[in-house]
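S.K.: This is input.pdb (PDB, C-alpha atoms).
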ATOM      1  CA  MET A   1     101.685  83.663 129.187
ATOM      2  CA  ASN A   2     100.981  84.424 125.531
ATOM      3  CA  SER A   3      99.285  81.719 123.468
ATOM      4  CA  PRO A   4     100.846  80.560 120.166
ATOM      5  CA  ALA A   5      98.008  82.242 118.264
ATOM      6  CA  SER A   6      98.606  85.633 119.903
ATOM      7  CA  LEU A   7     102.381  85.286 119.400
ATOM      8  CA  ARG A   8     101.812  84.428 115.754
ATOM      9  CA  ARG A   9      99.541  87.441 115.338
ATOM     10  CA  ARG A  10     102.101  89.736 116.960
ATOM     11  CA  LEU A  11     104.948  88.419 114.797
ATOM     12  CA  PHE A  12     102.789  88.824 111.686
ATOM     13  CA  GLN A  13     102.106  92.466 112.526
ATOM     14  CA  ILE A  14     105.816  93.091 113.124
ATOM     15  CA  LEU A  15     106.937  91.322 109.943
ATOM     16  CA  GLU A  16     104.317  93.080 107.828
ATOM     17  CA  ASN A  17     104.728  96.417 109.641
ATOM     18  CA  GLN A  18     100.994  96.602 110.382
ATOM     19  CA  SER A  19     100.950  97.248 114.121
ATOM     20  CA  HIS A  20     100.443 100.447 116.100
ATOM     21  CA  GLU A  21     101.055  98.611 119.341
ATOM     22  CA  HIS A  22     104.365  97.143 118.136
ATOM     23  CA  ARG A  23     105.355 100.003 115.853
ATOM     24  CA  GLN A  24     108.846 100.318 117.360
ATOM     25  CA  ALA A  25     109.594  96.599 116.968
ATOM     26  CA  ALA A  26     108.307  96.643 113.378
ATOM     27  CA  TRP A  27     110.405  99.736 112.616
ATOM     28  CA  LEU A  28     113.520  98.108 114.122
ATOM     29  CA  PHE A  29     113.008  94.880 112.176
ATOM     30  CA  SER A  30     112.457  96.709 108.891
ATOM     31  CA  TRP A  31     115.685  98.663 109.328
ATOM     32  CA  VAL A  32     117.698  95.582 110.326
ATOM     33  CA  LEU A  33     116.373  93.732 107.276
ATOM     34  CA  THR A  34     117.133  96.698 105.015
ATOM     35  CA  LEU A  35     120.703  97.055 106.290
ATOM     36  CA  ILE A  36     121.400  93.315 105.955
ATOM     37  CA  VAL A  37     120.016  93.264 102.407
ATOM     38  CA  LEU A  38     122.067  96.304 101.376
ATOM     39  CA  GLY A  39     125.126  94.807 103.092
ATOM     40  CA  ASN A  40     124.668  91.621 101.042
ATOM     41  CA  VAL A  41     124.495  93.580  97.806
ATOM     42  CA  VAL A  42     127.703  95.455  98.694
ATOM     43  CA  ALA A  43     129.383  92.169  99.666
ATOM     44  CA  VAL A  44     128.484  90.523  96.354
ATOM     45  CA  VAL A  45     129.848  93.501  94.429
ATOM     46  CA  LEU A  46     133.102  93.504  96.425
ATOM     47  CA  GLU A  47     133.527  89.738  95.997
ATOM     48  CA  SER A  48     133.821  90.256  92.244
ATOM     49  CA  VAL A  49     137.076  92.202  92.815
ATOM     50  CA  PRO A  50     139.868  89.568  92.986
ATOM     51  CA  SER A  51     142.098  91.511  95.391
ATOM     52  CA  ILE A  52     139.269  92.140  97.860
ATOM     53  CA  GLU A  53     138.015  88.569  97.585
ATOM     54  CA  ALA A  54     141.516  87.206  98.259
ATOM     55  CA  ARG A  55     141.969  89.399 101.347
ATOM     56  CA  TYR A  56     138.482  89.465 102.862
ATOM     57  CA  GLY A  57     136.939  86.346 101.331
ATOM     58  CA  ARG A  58     136.599  84.538 104.660
ATOM     59  CA  ALA A  59     134.935  87.512 106.369
ATOM     60  CA  LEU A  60     132.531  87.928 103.446
ATOM     61  CA  ALA A  61     131.693  84.203 103.559
ATOM     62  CA  ILE A  62     130.918  84.427 107.287
ATOM     63  CA  PHE A  63     128.710  87.459 106.690
ATOM     64  CA  ASP A  64     126.893  85.588 103.935
ATOM     65  CA  ALA A  65     126.317  82.578 106.215
ATOM     66  CA  LEU A  66     124.944  84.768 109.017
ATOM     67  CA  SER A  67     122.728  86.574 106.509
ATOM     68  CA  VAL A  68     121.362  83.275 105.219
ATOM     69  CA  LEU A  69     120.615  82.212 108.802
ATOM     70  CA  PHE A  70     118.700  85.471 109.351
ATOM     71  CA  PHE A  71     116.832  85.185 106.046
ATOM     72  CA  SER A  72     116.005  81.511 106.677
ATOM     73  CA  VAL A  73     114.498  82.228 110.095
ATOM     74  CA  GLU A  74     112.579  85.158 108.624
ATOM     75  CA  TYR A  75     111.294  82.980 105.760
ATOM     76  CA  LEU A  76     110.071  80.262 108.128
ATOM     77  CA  LEU A  77     108.410  82.849 110.377
ATOM     78  CA  ARG A  78     106.648  84.391 107.378
ATOM     79  CA  ILE A  79     105.341  80.962 106.375
ATOM     80  CA  TRP A  80     104.116  80.327 109.943
ATOM     81  CA  THR A  81     102.496  83.753 110.345
ATOM     82  CA  ALA A  82     100.926  83.659 106.863
ATOM     83  CA  ALA A  83      97.962  82.013 108.617
ATOM     84  CA  GLU A  84      97.079  85.514 109.885
ATOM     85  CA  ARG A  85      96.551  86.916 106.401
ATOM     86  CA  GLN A  86      93.037  88.185 105.789
ATOM     87  CA  HIS A  87      91.452  85.519 103.609
ATOM     88  CA  ALA A  88      88.267  84.516 105.345
ATOM     89  CA  HIS A  89      87.422  81.718 102.887
ATOM     90  CA  HIS A  90      90.916  80.201 102.786
ATOM     91  CA  SER A  91      92.215  77.559 105.157
ATOM     92  CA  VAL A  92      95.427  78.100 107.122
ATOM     93  CA  ARG A  93      97.282  75.703 104.857
ATOM     94  CA  ARG A  94      96.044  77.478 101.743
ATOM     95  CA  ARG A  95      97.111  80.864 103.122
ATOM     96  CA  ARG A  96     100.614  79.571 103.747
ATOM     97  CA  ILE A  97     100.853  77.999 100.304
ATOM     98  CA  GLY A  98      99.572  81.276  98.879
ATOM     99  CA  TYR A  99     102.448  83.144 100.521
ATOM    100  CA  VAL A 100     105.057  80.592  99.378
ATOM    101  CA  LEU A 101     103.891  80.896  95.760
ATOM    102  CA  SER A 102     103.428  84.675  95.889
ATOM    103  CA  PHE A 103     105.930  87.202  94.540
ATOM    104  CA  HIS A 104     107.234  88.002  98.025
ATOM    105  CA  GLY A 105     107.426  84.325  98.956
ATOM    106  CA  LEU A 106     109.481  83.462  95.865
ATOM    107  CA  VAL A 107     111.785  86.431  96.535
ATOM    108  CA  ASP A 108     112.308  85.297 100.143
ATOM    109  CA  LEU A 109     113.099  81.782  98.908
ATOM    110  CA  LEU A 110     115.499  83.163  96.317
ATOM    111  CA  ALA A 111     117.363  84.992  99.104
ATOM    112  CA  VAL A 112     118.468  81.726 100.740
ATOM    113  CA  LEU A 113     118.555  79.425  97.699
ATOM    114  CA  PRO A 114     122.096  80.320  96.450
ATOM    115  CA  PHE A 115     123.684  79.299  99.755
ATOM    116  CA  PHE A 116     122.036  75.879  99.753
ATOM    117  CA  LEU A 117     122.672  75.391  96.040
ATOM    118  CA  GLN A 118     126.369  75.976  96.624
ATOM    119  CA  ALA A 119     126.320  73.438  99.467
ATOM    120  CA  LEU A 120     124.443  70.830  97.422
ATOM    121  CA  VAL A 121     126.276  71.469  94.135
ATOM    122  CA  PRO A 122     129.865  72.509  95.037
ATOM    123  CA  GLY A 123     130.965  72.938  91.412
ATOM    124  CA  LEU A 124     128.244  75.462  90.565
ATOM    125  CA  ASP A 125     129.406  78.597  88.730
ATOM    126  CA  LEU A 126     130.136  81.304  91.324
ATOM    127  CA  ARG A 127     129.151  84.052  88.882
ATOM    128  CA  PHE A 128     125.677  82.531  88.633
ATOM    129  CA  LEU A 129     125.435  82.404  92.426
ATOM    130  CA  ARG A 130     126.507  86.046  92.686
ATOM    131  CA  VAL A 131     123.751  87.091  90.309
ATOM    132  CA  MET A 132     121.200  85.181  92.392
ATOM    133  CA  ARG A 133     122.503  86.713  95.629
ATOM    134  CA  VAL A 134     122.157  90.211  94.212
ATOM    135  CA  MET A 135     118.451  89.432  93.767
ATOM    136  CA  ARG A 136     118.169  89.666  97.566
ATOM    137  CA  ILE A 137     117.628  93.377  97.083
ATOM    138  CA  LEU A 138     114.105  92.459  95.934
ATOM    139  CA  LYS A 139     113.348  91.619  99.576
ATOM    140  CA  LEU A 140     112.985  95.352 100.142
ATOM    141  CA  SER A 141     109.766  95.110  98.126
ATOM    142  CA  HIS A 142     108.146  93.963 101.398
ATOM    143  CA  TYR A 143     108.169  97.645 102.333
ATOM    144  CA  SER A 144     107.531  99.090  98.897
ATOM    145  CA  THR A 145     104.853  98.193  96.379
ATOM    146  CA  ALA A 146     106.706  99.863  93.500
ATOM    147  CA  LEU A 147     107.380  96.644  91.575
ATOM    148  CA  GLU A 148     103.884  95.282  92.150
ATOM    149  CA  ASP A 149     102.328  98.605  91.139
ATOM    150  CA  LEU A 150     104.439  98.691  87.985
ATOM    151  CA  MET A 151     103.547  95.147  86.968
ATOM    152  CA  ALA A 152      99.877  95.698  87.779
ATOM    153  CA  SER A 153      99.887  98.927  85.771
ATOM    154  CA  ILE A 154     101.413  97.212  82.744
ATOM    155  CA  TYR A 155      98.948  94.336  83.053
ATOM    156  CA  ALA A 156      96.022  96.761  83.218
ATOM    157  CA  GLU A 157      97.185  98.372  79.966
ATOM    158  CA  ARG A 158      98.465  95.148  78.437
ATOM    159  CA  GLY A 159      96.503  95.657  75.224
ATOM    160  CA  ALA A 160      98.079  99.033  74.472
ATOM    161  CA  PHE A 161     101.470  97.827  75.727
ATOM    162  CA  ILE A 162     101.429  94.756  73.460
ATOM    163  CA  SER A 163     100.412  96.937  70.521
ATOM    164  CA  ALA A 164     103.360  99.263  71.163
ATOM    165  CA  LEU A 165     105.738  96.283  71.414
ATOM    166  CA  TYR A 166     104.283  94.971  68.148
ATOM    167  CA  LEU A 167     105.065  98.289  66.461
ATOM    168  CA  LEU A 168     108.563  98.195  67.942
ATOM    169  CA  ALA A 169     109.152  94.679  66.588
ATOM    170  CA  ILE A 170     107.914  95.697  63.121
ATOM    171  CA  THR A 171     110.203  98.739  63.133
ATOM    172  CA  ILE A 172     113.238  96.662  64.120
ATOM    173  CA  LEU A 173     112.586  94.027  61.451
ATOM    174  CA  PHE A 174     111.727  96.551  58.718
ATOM    175  CA  THR A 175     114.769  98.796  59.281
ATOM    176  CA  ALA A 176     117.081  95.788  59.639
ATOM    177  CA  CYS A 177     115.949  94.459  56.262
ATOM    178  CA  LEU A 178     116.420  97.856  54.620
ATOM    179  CA  MET A 179     119.878  98.306  56.128
ATOM    180  CA  HIS A 180     120.904  94.809  55.062
ATOM    181  CA  PHE A 181     119.879  95.656  51.506
ATOM    182  CA  ALA A 182     121.661  99.027  51.536
ATOM    183  CA  GLU A 183     124.915  98.060  53.318
ATOM    184  CA  HIS A 184     125.569  94.342  52.867
ATOM    185  CA  ASP A 185     128.046  94.920  50.016
ATOM    186  CA  LEU A 186     129.932  97.703  51.827
ATOM    187  CA  GLN A 187     129.964  96.141  55.324
ATOM    188  CA  ALA A 188     129.462  92.418  54.965
ATOM    189  CA  GLU A 189     130.664  91.693  58.514
ATOM    190  CA  GLN A 190     128.162  94.077  60.112
ATOM    191  CA  PHE A 191     125.190  93.917  57.714
ATOM    192  CA  GLY A 192     125.829  90.675  55.798
ATOM    193  CA  THR A 193     122.763  89.031  57.277
ATOM    194  CA  ILE A 194     119.455  90.348  58.591
ATOM    195  CA  PRO A 195     120.116  89.102  62.173
ATOM    196  CA  GLN A 196     123.376  91.095  62.161
ATOM    197  CA  ALA A 197     121.508  94.156  60.908
ATOM    198  CA  MET A 198     118.886  93.670  63.637
ATOM    199  CA  TRP A 199     121.572  94.274  66.291
ATOM    200  CA  TRP A 200     122.280  97.667  64.735
ATOM    201  CA  SER A 201     118.553  98.378  64.493
ATOM    202  CA  ILE A 202     117.930  97.565  68.170
ATOM    203  CA  ILE A 203     120.729  99.762  69.510
ATOM    204  CA  THR A 204     119.688 102.603  67.194
ATOM    205  CA  ILE A 205     115.973 102.429  67.985
ATOM    206  CA  THR A 206     116.666 102.366  71.728
ATOM    207  CA  THR A 207     118.892 105.444  71.193
ATOM    208  CA  VAL A 208     121.897 103.665  72.716
ATOM    209  CA  GLY A 209     123.929 104.222  69.555
ATOM    210  CA  TYR A 210     127.172 102.475  70.475
ATOM    211  CA  GLY A 211     128.859 103.832  67.358
ATOM    212  CA  ASP A 212     130.554 100.523  66.578
ATOM    213  CA  VAL A 213     128.447 100.135  63.406
ATOM    214  CA  THR A 214     127.547 103.124  61.225
ATOM    215  CA  PRO A 215     126.106 103.250  57.684
ATOM    216  CA  LEU A 216     128.436 104.317  54.850
ATOM    217  CA  SER A 217     126.137 104.662  51.837
ATOM    218  CA  ALA A 218     123.741 107.548  51.268
ATOM    219  CA  TRP A 219     120.731 105.256  51.437
ATOM    220  CA  GLY A 220     122.141 103.709  54.598
ATOM    221  CA  LYS A 221     122.348 107.131  56.248
ATOM    222  CA  VAL A 222     118.772 107.912  55.251
ATOM    223  CA  ILE A 223     117.607 104.594  56.700
ATOM    224  CA  GLY A 224     119.674 105.263  59.829
ATOM    225  CA  SER A 225     118.012 108.653  60.324
ATOM    226  CA  PHE A 226     114.567 107.120  59.870
ATOM    227  CA  THR A 227     115.442 104.371  62.364
ATOM    228  CA  ALA A 228     116.637 106.840  64.987
ATOM    229  CA  LEU A 229     113.481 108.961  64.651
ATOM    230  CA  SER A 230     111.293 105.853  64.807
ATOM    231  CA  GLY A 231     113.075 104.864  68.010
ATOM    232  CA  VAL A 232     112.286 108.204  69.646
ATOM    233  CA  PHE A 233     108.587 107.885  68.785
ATOM    234  CA  THR A 234     108.308 104.206  69.782
ATOM    235  CA  VAL A 235     110.129 104.552  73.114
ATOM    236  CA  ALA A 236     108.108 107.685  73.914
ATOM    237  CA  LEU A 237     104.925 105.729  73.169
ATOM    238  CA  LEU A 238     105.912 102.905  75.527
ATOM    239  CA  THR A 239     106.945 105.358  78.226
ATOM    240  CA  GLY A 240     103.663 107.232  77.922
ATOM    241  CA  ILE A 241     101.617 104.043  78.219
ATOM    242  CA  VAL A 242     103.458 102.923  81.367
ATOM    243  CA  ALA A 243     103.347 106.388  82.963
ATOM    244  CA  SER A 244      99.633 106.794  82.249
ATOM    245  CA  ALA A 245      98.870 103.321  83.614
ATOM    246  CA  PHE A 246     100.905 104.004  86.742
ATOM    247  CA  VAL A 247      99.081 107.273  87.430
ATOM    248  CA  SER A 248      95.720 105.573  86.853
ATOM    249  CA  ARG A 249      96.606 102.835  89.336
ATOM    250  CA  VAL A 250      97.611 105.352  91.999
ATOM    251  CA  ARG A 251      94.345 107.211  91.494
ATOM    252  CA  THR A 252      92.360 103.945  91.620
ATOM    253  CA  GLN A 253      94.041 102.983  94.902
ATOM    254  CA  GLU A 254      93.158 106.371  96.368
ATOM    255  CA  ILE A 255      89.504 105.984  95.336
ATOM    256  CA  GLU A 256      89.329 102.438  96.736
ATOM    257  CA  PHE A 257      90.915 103.585 100.010
ATOM    258  CA  THR A 258      88.439 106.472 100.281
ATOM    259  CA  THR A 259      85.493 104.139  99.645
ATOM    260  CA  GLU A 260      86.694 101.664 102.275
ATOM    261  CA  VAL A 261      87.263 104.417 104.849
ATOM    262  CA  GLU A 262      83.807 105.866 104.189
ATOM    263  CA  GLU A 263      82.359 102.441 104.963
ATOM    264  CA  VAL A 264      84.358 102.252 108.201
ATOM    265  CA  LEU A 265      83.311 105.760 109.288
ATOM    266  CA  LYS A 266      79.641 105.506 108.344
ATOM    267  CA  ASP A 267      78.637 105.241 112.026
ATOM    268  CA  GLY A 268      80.309 108.597 112.748
ATOM    269  CA  HIS A 269      82.671 107.181 115.376
ATOM    270  CA  LEU A 270      86.300 106.067 115.201
ATOM    271  CA  ASP A 271      87.284 103.457 117.796
ATOM    272  CA  GLU A 272      90.566 101.581 118.174
ATOM    273  CA  GLN A 273      89.450  98.655 116.023
ATOM    274  CA  GLU A 274      88.468 101.013 113.216
ATOM    275  CA  LYS A 275      91.803 102.834 113.527
ATOM    276  CA  ARG A 276      93.615  99.531 113.068
ATOM    277  CA  THR A 277      91.413  98.735 110.083
ATOM    278  CA  ILE A 278      92.163 102.087 108.476
ATOM    279  CA  GLU A 279      95.892 101.653 109.112
ATOM    280  CA  HIS A 280      95.757  98.236 107.445
ATOM    281  CA  LEU A 281      93.929  99.758 104.463
ATOM    282  CA  ARG A 282      96.468 102.593 104.286
ATOM    283  CA  THR A 283      99.324 100.082 104.120
ATOM    284  CA  GLU A 284      97.485  97.865 101.628
ATOM    285  CA  TYR A 285      96.754 100.737  99.238
ATOM    286  CA  ASN A 286     100.165 102.370  99.764
ATOM    287  CA  ILE A 287      98.744 105.702 100.964
ATOM    288  CA  THR A 288     101.016 108.020 102.944
ATOM    289  CA  GLU A 289     100.011 108.934 106.492
ATOM    290  CA  ASP A 290      99.543 112.625 105.650
ATOM    291  CA  HIS A 291      97.415 111.798 102.625
ATOM    292  CA  ALA A 292      95.358 109.313 104.646
ATOM    293  CA  ARG A 293      94.730 111.921 107.362
ATOM    294  CA  ALA A 294      93.604 114.428 104.719
ATOM    295  CA  ILE A 295      91.176 111.893 103.206
ATOM    296  CA  ILE A 296      89.780 110.958 106.638
ATOM    297  CA  ARG A 297      89.392 114.610 107.598
ATOM    298  CA  GLN A 298      87.560 115.327 104.337
ATOM    299  CA  ILE A 299      85.214 112.352 104.828
ATOM    300  CA  ILE A 300      84.385 113.409 108.407
ATOM    301  CA  GLU A 301      83.730 116.990 107.304
ATOM    302  CA  GLU A 302      81.468 115.824 104.465
ATOM    303  CA  GLN A 303      79.551 113.538 106.816
ATOM    304  CA  SER A 304      79.168 116.386 109.311
ATOM    305  CA  LEU A 305      77.884 118.766 106.626
ATOM    306  CA  TYR A 306      75.452 116.130 105.362
ATOM    307  CA  LYS A 307      74.047 115.511 108.849
ATOM    308  CA  HIS A 308      73.563 119.212 109.579
ATOM    309  CA  SER A 309      72.177 120.153 106.157
ATOM    310  CA  PRO A 310      68.437 121.009 106.010
ATOM    311  CA  ALA A 311      66.106 118.202 105.023
ATOM    312  CA  PRO A 312      65.234 118.211 101.290
ATOM    313  CA  PRO A 313      61.663 118.629 100.101
ATOM    314  CA  ASP A 314      59.620 115.459  99.845
ATOM    315  CA  GLY A 315      60.414 113.383  96.834
ATOM    316  CA  LYS A 316      63.703 115.165  96.079
ATOM    317  CA  LEU A 317      67.244 113.941  96.617
ATOM    318  CA  PRO A 318      69.624 116.105  98.666
TER     319      PRO A 318
END
Starting from the coordinates I provided, produce the structure as structure tokens.
M.R.:
Amino acid sequence: MNSPASLRRRLFQILENQSHEHRQAAWLFSWVLTLIVLGNVVAVVLESVPSIEARYGRALAIFDALSVLFFSVEYLLRIWTAAERQHAHHSVRRRRIGYVLSFHGLVDLLAVLPFFLQALVPGLDLRFLRVMRVMRILKLSHYSTALEDLMASIYAERGAFISALYLLAITILFTACLMHFAEHDLQAEQFGTIPQAMWWSIITITTVGYGDVTPLSAWGKVIGSFTALSGVFTVALLTGIVASAFVSRVRTQEIEFTTEVEEVLKDGHLDEQEKRTIEHLRTEYNITEDHARAIIRQIIEEQSLYKHSPAPPDGKLP
């Protein structure tokens, strides 16, 4: 009979999709979770249509209740199995609290919170609850590090990113003031105040250009052209910073994975424990299986060449 510790370890590997032994169970769970999450998003969207809500409201409510039951059990299991997370210097309690307060833990809590809020506060705005229920799609981040990579990339380049946002804010304020000066007499309703002119500046700089407010004077058109061009440059600058940071993070993860694998393979042998370690590292650093195999093959070949290379002369490095 399996002990609670071994059961907890097995469930952790299935929930986190980190097991070779239970690969099929982990794959099945990930697909069930994905389909339920996507089904919830579709249900929330359909509920906003009055005719569909009137006809299928009961069925959608039952589906929501069953989904909450599934998400609640999953959330409790993730809290229980969080004790298996690799933090050698953290107690079991601290590991579980760490999960609860982590991004994934807050997302998992958010998945069940609307249901219980509606039960505790019956008069709560349904539109607010729908918005919260749509956030369940963030649960798919358990199997994708895209959001975490993006946030980490922006944080790594926060200095440049803040500088670009500062330039964007200056451009919005400066062009809004100029447009207020140039157009406030001709279009008092749209440019009578600087805050009103800032709305026009924002939609122009972001190249949305709704067309609901356009300058009439010659100076207004000149300012509008300058604002549009400034928007292209500023948005391109922000995009470049984020793209560069994202690429740098991917490259850093690859280097860290390679370094860790080299440490694992330094004895020249690859046993089952080391395979599991490498698979865990591959998942942690978000490396594809094909890419991981290529890196491992290259490391083994380099180690083989190094071992069979002739000894260097005394006092010289190879």
S.K.: Name all residues at most 8 Å from Val242 of chain A (count all atoms listed in the file; drop same-chain ones fewer than 4 positions away) and give them as a CSV table (one decimal) with C-alpha atoms, in the coordinates of the input.
M.R.:
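This is the output file out.csv:
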chain,number,residue,atom,x,y,z
A,150,LEU,CA,104.4,98.7,88.0
A,153,SER,CA,99.9,98.9,85.8
A,154,ILE,CA,101.4,97.2,82.7
A,157,GLU,CA,97.2,98.4,80.0
A,161,PHE,CA,101.5,97.8,75.7
A,238,LEU,CA,105.9,102.9,75.5
A,246,PHE,CA,100.9,104.0,86.7
S.K.: Would you write out, as a list of chain:residue names, every residue that the PyMOL selection byres ((chain A and resi 77) around 12) captures in this file?
M.R.: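 For this structure, the PyMOL selection byres ((chain A and resi 77) around 12) resolves to A:Leu7, A:Arg8, A:Arg9, A:Arg10, A:Leu11, A:Phe12, A:Gln13, A:Ile14, A:Leu15, A:Glu16, A:Phe70, A:Phe71, A:Ser72, A:Val73, A:Glu74, A:Tyr75, A:Leu76, A:Arg78, A:Ile79, A:Trp80, A:Thr81, A:Ala82, A:Ala83, A:Glu84, A:Arg96, A:Tyr99, A:Val100, A:Gly105, A:Asp108.
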S.K.: Near Leu237 of chain A, within 12 Å and counting all atoms listed in the file, which residues show up once chain neighbours fewer than 6 positions away are dropped, as a list of chain:residue names?
M.R.: A:Ala160, A:Phe161, A:Ile162, A:Ser163, A:Ala164, A:Leu165, A:Tyr166, A:Leu167, A:Leu168, A:Ser230, A:Gly231, A:Ala243, A:Ser244
S.K.: By how many Å are atom CA of Leu186 of chain A and atom CA of Pro215 of chain A apart?
M.R.: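 Computing it gives 8.9 Å between the two atoms.
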S.K.: Rounded to one decimal place, report the atom CA of Val37 of chain A-atom CA of Leu140 of chain A distance in Å.
M.R.: 7.7 Å
